[in-house]
Amino acid sequence: MSKPGPNIEQRAGYDPIRVADLVLEVARTDPGRVALTHTERGSDGVLVHRERSYGELSDRAERLAVGLRAAGVREGTLCSFMVPPSFDALVLGTALFRIGATLVGIEPYSHGLRRVTRCLDRVGPEVFFGTPSAHLAKRLFGWGKRTIRQQYVVDGRWPGVKSLDDLLADKAPTEPVPADVAPEDPAVIAFTTGSTGTPKPTVLRRRNFGAMVDLVHNQWSLGNGGDVVDMPTFPMFWIIALSCGGQVVIPPMDFTMKGPGDADPDALLRTIQEHGVRSMFGSPALLRNLAEHARRRSITVPSVRRVVAGGAEVHGPLYSAVKDVLGPEGELYSNYGATEALPLCEIDGTTVLKETWERTERGEGLCVGPGLPGVELRIVSVTEAPVASIDDVETLPPGEVGEVIARSPHISEDYFRDPAATAANKIPDPDGSVWHRMGDVGFLDEQGRLWLGGRRSHRVVTPDRVYLPLQVEPVVATHPAVRRAALVSVPRAGSFVPVVCVERSDEDRRGAAAVIAELRELMHRYPTTRGITEFVEVRRLPVDRRHNAKIDRPGLGAKLARRWK
């Protein structure tokens, strides 16, 4: 259910995102300003930096926009965007925003090459933009063969396929033609990770995407972009700096074939130092590697003011480790959200370490902070069934655990041509707005801060009580023999048993029996963990491909169920 946007009759020139306009504005007033620095590792291991200006970016983007229109790519055209961060990725993204096309974001590495086929078939893009590697996979796996009518190669060559150079007009127009779009028109269709099921095509309409960009600008205090130097370690996050006139620093990472946990921490730290990076986003896995490498080499990065972690829960020790790498003005923030609703909450490391982490280690859950400006959070009674109206669920009081829902102008309102997924994950409000079901359980405290217990589907429901992963795992991790832990549900005798899978610390060499005895005593101390007695040692906890941080608890539970059958 979509809420109509204002002034939809006045379509021409409507652009709440304003990426192309802002790039053009900077190009006219400060054409030499650096838009992008691309850092790559040379064959000798030396980092090579290539800078491109706003003048170059805007000229190429506006010429490309003219060429795209001439080729029939225009408002509403569904364009598969399989291009990792690069100069031409920014050019293409800017041009597509200029003409009002819809970007379809799928990550081959994160989603898996075979899953991409199903994702593309669900959306049906008409145009395919991809690197040579993406075109090779397209040929091998038959991506989009039912609907794709045009294809172009980016950042290289591919036999028989035109490149962006073949689309460029001879010169940029003096005054670009504004896109004929309305607030409700889709700007981006982004697939969820699929870590808790089949990836869903999230629709971010132009009003949602524009509101999201504004929210991030205000929260990050980006200003006019003159002093913004941002290093995105997640593919589409280049838009953060570009949409405020700042500098995008593309790190030496393989975004196509490796996850963030595989990035070279030494190369990333050198990139930060050599370019004076001031802000960055990173998954907990990437930040953990950076902090550990920096500690071993006694490296600090005082230029960085804001590090944002997301994609999975951030634990207290990581805040402390990252803080040691930053200067006195630097801080690590955790952003809570989802593909459909990013970001929703934020909390800073200082608050976590001074106020909330001690409570987390006592089994109260993980505090992710209050809702950001414009975000309304509610805790409602838990149900697995679709909810037809917000009036059909009970809103729970502070301190009581239930399902987390949220609404805000930047949150997606539906899934692309998928009414079943929309019904399962959205709750209409009689006022015309839509609430998003986060799929998590937790509670709000008296200060309005959200405390998470974990995924609704990851709860362990026994005949006597319900156990929540984020109320159990941090307690287990306080034991010196434990590096990480995962609570899983294992079927047994017609019911379910809570079992904790433990990844052992390298520093603790004691026998399993002694450690398990101590863990059982530890579980008995707190109300939220009492009754858990079964522990299984695993070599490595399995994590998702996109962020290398979300633990695959259902997979672990299924594996144990097969072992004990």
# chains A, B, ... in the order shown; residues from 1 in each chain; ligands from 1
>>> select_by_dssp(residues="region 1-92 of chain A", states="strand (DSSP E)", output="JSON, numbers by chain")
{"A": [34, 35, 36, 37, 38, 39, 40, 41, 47, 48, 49, 50, 51, 52, 53, 78, 79, 80, 81, 82]}
>>> residues_around(residues="Ala477 (chain A)", least_positions_apart="4", cutoff="10 Å", atoms="only C-alpha atoms", output="list in words")
His315, Glu361, Val472, Glu473, Ala481, Val482, Arg483, Arg484, Ala485, Ala486, Val502, Glu503, Arg504, Ser505 and Leu519 of chain A
>>> residues_around(residues="region 190-207 of chain A", least_positions_apart="5", cutoff="6 Å", atoms="only C-alpha atoms", output="ChimeraX atom specification")
/A:105,183-185,339,412,415-416
>>> write_last_selection(atoms="all heavy atoms", output="JSON list (two decimals), in the first residue's frame")
[["chain", "number", "residue", "atom", "x", "y", "z"],
["A", 105, "GLY", "N", 19.60, -3.45, -8.43],
["A", 105, "GLY", "CA", 20.85, -3.82, -7.78],
["A", 105, "GLY", "C", 20.88, -5.26, -7.33],
["A", 105, "GLY", "O", 20.10, -5.68, -6.47],
["A", 183, "PRO", "N", 7.04, 11.25, -7.45],
["A", 183, "PRO", "CA", 7.53, 10.72, -6.17],
["A", 183, "PRO", "C", 7.38, 9.21, -6.04],
["A", 183, "PRO", "O", 8.23, 8.57, -5.43],
["A", 183, "PRO", "CB", 6.66, 11.45, -5.14],
["A", 183, "PRO", "CG", 6.24, 12.71, -5.82],
["A", 183, "PRO", "CD", 6.09, 12.36, -7.26],
["A", 184, "GLU", "N", 6.31, 8.65, -6.62],
["A", 184, "GLU", "CA", 6.06, 7.22, -6.43],
["A", 184, "GLU", "C", 6.80, 6.34, -7.43],
["A", 184, "GLU", "O", 6.76, 5.12, -7.35],
["A", 184, "GLU", "CB", 4.56, 6.91, -6.51],
["A", 184, "GLU", "CG", 3.95, 7.03, -7.89],
["A", 184, "GLU", "CD", 3.47, 8.43, -8.20],
["A", 184, "GLU", "OE1", 3.88, 9.37, -7.49],
["A", 184, "GLU", "OE2", 2.68, 8.58, -9.14],
["A", 185, "ASP", "N", 7.51, 6.92, -8.38],
["A", 185, "ASP", "CA", 8.25, 6.13, -9.36],
["A", 185, "ASP", "C", 9.45, 5.45, -8.71],
["A", 185, "ASP", "O", 10.16, 6.06, -7.92],
["A", 185, "ASP", "CB", 8.73, 7.00, -10.52],
["A", 185, "ASP", "CG", 7.58, 7.49, -11.39],
["A", 185, "ASP", "OD1", 6.51, 6.85, -11.38],
["A", 185, "ASP", "OD2", 7.75, 8.52, -12.08],
["A", 339, "THR", "N", 17.79, -3.72, 4.25],
["A", 339, "THR", "CA", 17.74, -3.24, 2.87],
["A", 339, "THR", "C", 16.50, -2.38, 2.66],
["A", 339, "THR", "O", 16.56, -1.34, 1.98],
["A", 339, "THR", "CB", 17.71, -4.42, 1.89],
["A", 339, "THR", "OG1", 18.85, -5.26, 2.13],
["A", 339, "THR", "CG2", 17.73, -3.94, 0.45],
["A", 412, "SER", "N", 11.05, 1.56, 2.44],
["A", 412, "SER", "CA", 10.33, 1.04, 1.28],
["A", 412, "SER", "C", 8.91, 0.64, 1.66],
["A", 412, "SER", "O", 8.65, 0.25, 2.81],
["A", 412, "SER", "CB", 11.06, -0.17, 0.69],
["A", 412, "SER", "OG", 10.90, -1.30, 1.53],
["A", 415, "TYR", "N", 7.36, -4.62, -2.29],
["A", 415, "TYR", "CA", 8.34, -5.36, -3.09],
["A", 415, "TYR", "C", 7.85, -5.40, -4.54],
["A", 415, "TYR", "O", 6.65, -5.41, -4.80],
["A", 415, "TYR", "CB", 8.53, -6.77, -2.52],
["A", 415, "TYR", "CG", 9.04, -6.77, -1.11],
["A", 415, "TYR", "CD1", 8.16, -6.86, -0.03],
["A", 415, "TYR", "CD2", 10.40, -6.64, -0.83],
["A", 415, "TYR", "CE1", 8.62, -6.84, 1.27],
["A", 415, "TYR", "CE2", 10.86, -6.61, 0.47],
["A", 415, "TYR", "CZ", 9.96, -6.70, 1.53],
["A", 415, "TYR", "OH", 10.42, -6.66, 2.81],
["A", 416, "PHE", "N", 8.79, -5.45, -5.45],
["A", 416, "PHE", "CA", 8.47, -5.32, -6.87],
["A", 416, "PHE", "C", 7.65, -6.52, -7.35],
["A", 416, "PHE", "O", 8.12, -7.65, -7.35],
["A", 416, "PHE", "CB", 9.75, -5.21, -7.68],
["A", 416, "PHE", "CG", 9.53, -4.83, -9.11],
["A", 416, "PHE", "CD1", 9.17, -3.54, -9.46],
["A", 416, "PHE", "CD2", 9.67, -5.78, -10.12],
["A", 416, "PHE", "CE1", 8.97, -3.19, -10.78],
["A", 416, "PHE", "CE2", 9.48, -5.43, -11.44],
["A", 416, "PHE", "CZ", 9.12, -4.13, -11.78]]
>>> residues_around(residues="region 46-59 of chain A", least_positions_apart="6", cutoff="9 Å", atoms="only C-alpha atoms", output="number ranges by chain")
A: 20, 23-28, 30-40, 87-88, 90-91, 94-95, 171-172, 245, 252, 267, 270-271
>>> residues_around(residues="Val352 (chain A)", least_positions_apart="4", cutoff="10 Å", atoms="only C-alpha atoms", output="compact mmCIF listing (two decimals) with C-alpha atoms, in the first residue's frame")
# COMPACT_ATOMS: atom_id res chain seq x y z
CA VAL A 314 28.37 -4.89 16.70
CA HIS A 315 29.73 -6.11 20.03
CA GLY A 316 31.42 -4.06 22.74
CA TYR A 319 33.90 -0.56 19.61
CA SER A 320 36.89 -0.50 21.92
CA TYR A 333 28.79 4.18 15.28
CA SER A 334 26.54 1.21 14.76
CA ILE A 347 24.34 4.36 18.70
CA ASP A 348 27.90 5.52 19.32
CA THR A 356 24.80 -0.47 27.59
CA TRP A 357 27.41 -3.17 26.98
CA GLU A 358 27.56 -4.26 30.61
CA ARG A 359 23.81 -4.89 30.45
CA THR A 360 24.24 -6.79 27.18
CA LEU A 366 21.87 -5.58 22.28
CA CYS A 367 21.10 -1.85 22.41
CA VAL A 368 21.16 -0.21 18.95
CA GLY A 369 20.02 3.22 20.08
>>> closest_residue(among="A:Leu68, A:Leu377, A:Ile411, A:Val307", to="Ser283 (chain A)", atoms="only C-alpha atoms")
A:Val307
>>> atom_distance(atom1="CA of Pro159 (chain A)", atom2="CA of Met257 (chain A)")
21.9 Å
>>> atom_distance(atom1="CA of Thr147 (chain A)", atom2="CA of Val161 (chain A)")
16.7 Å
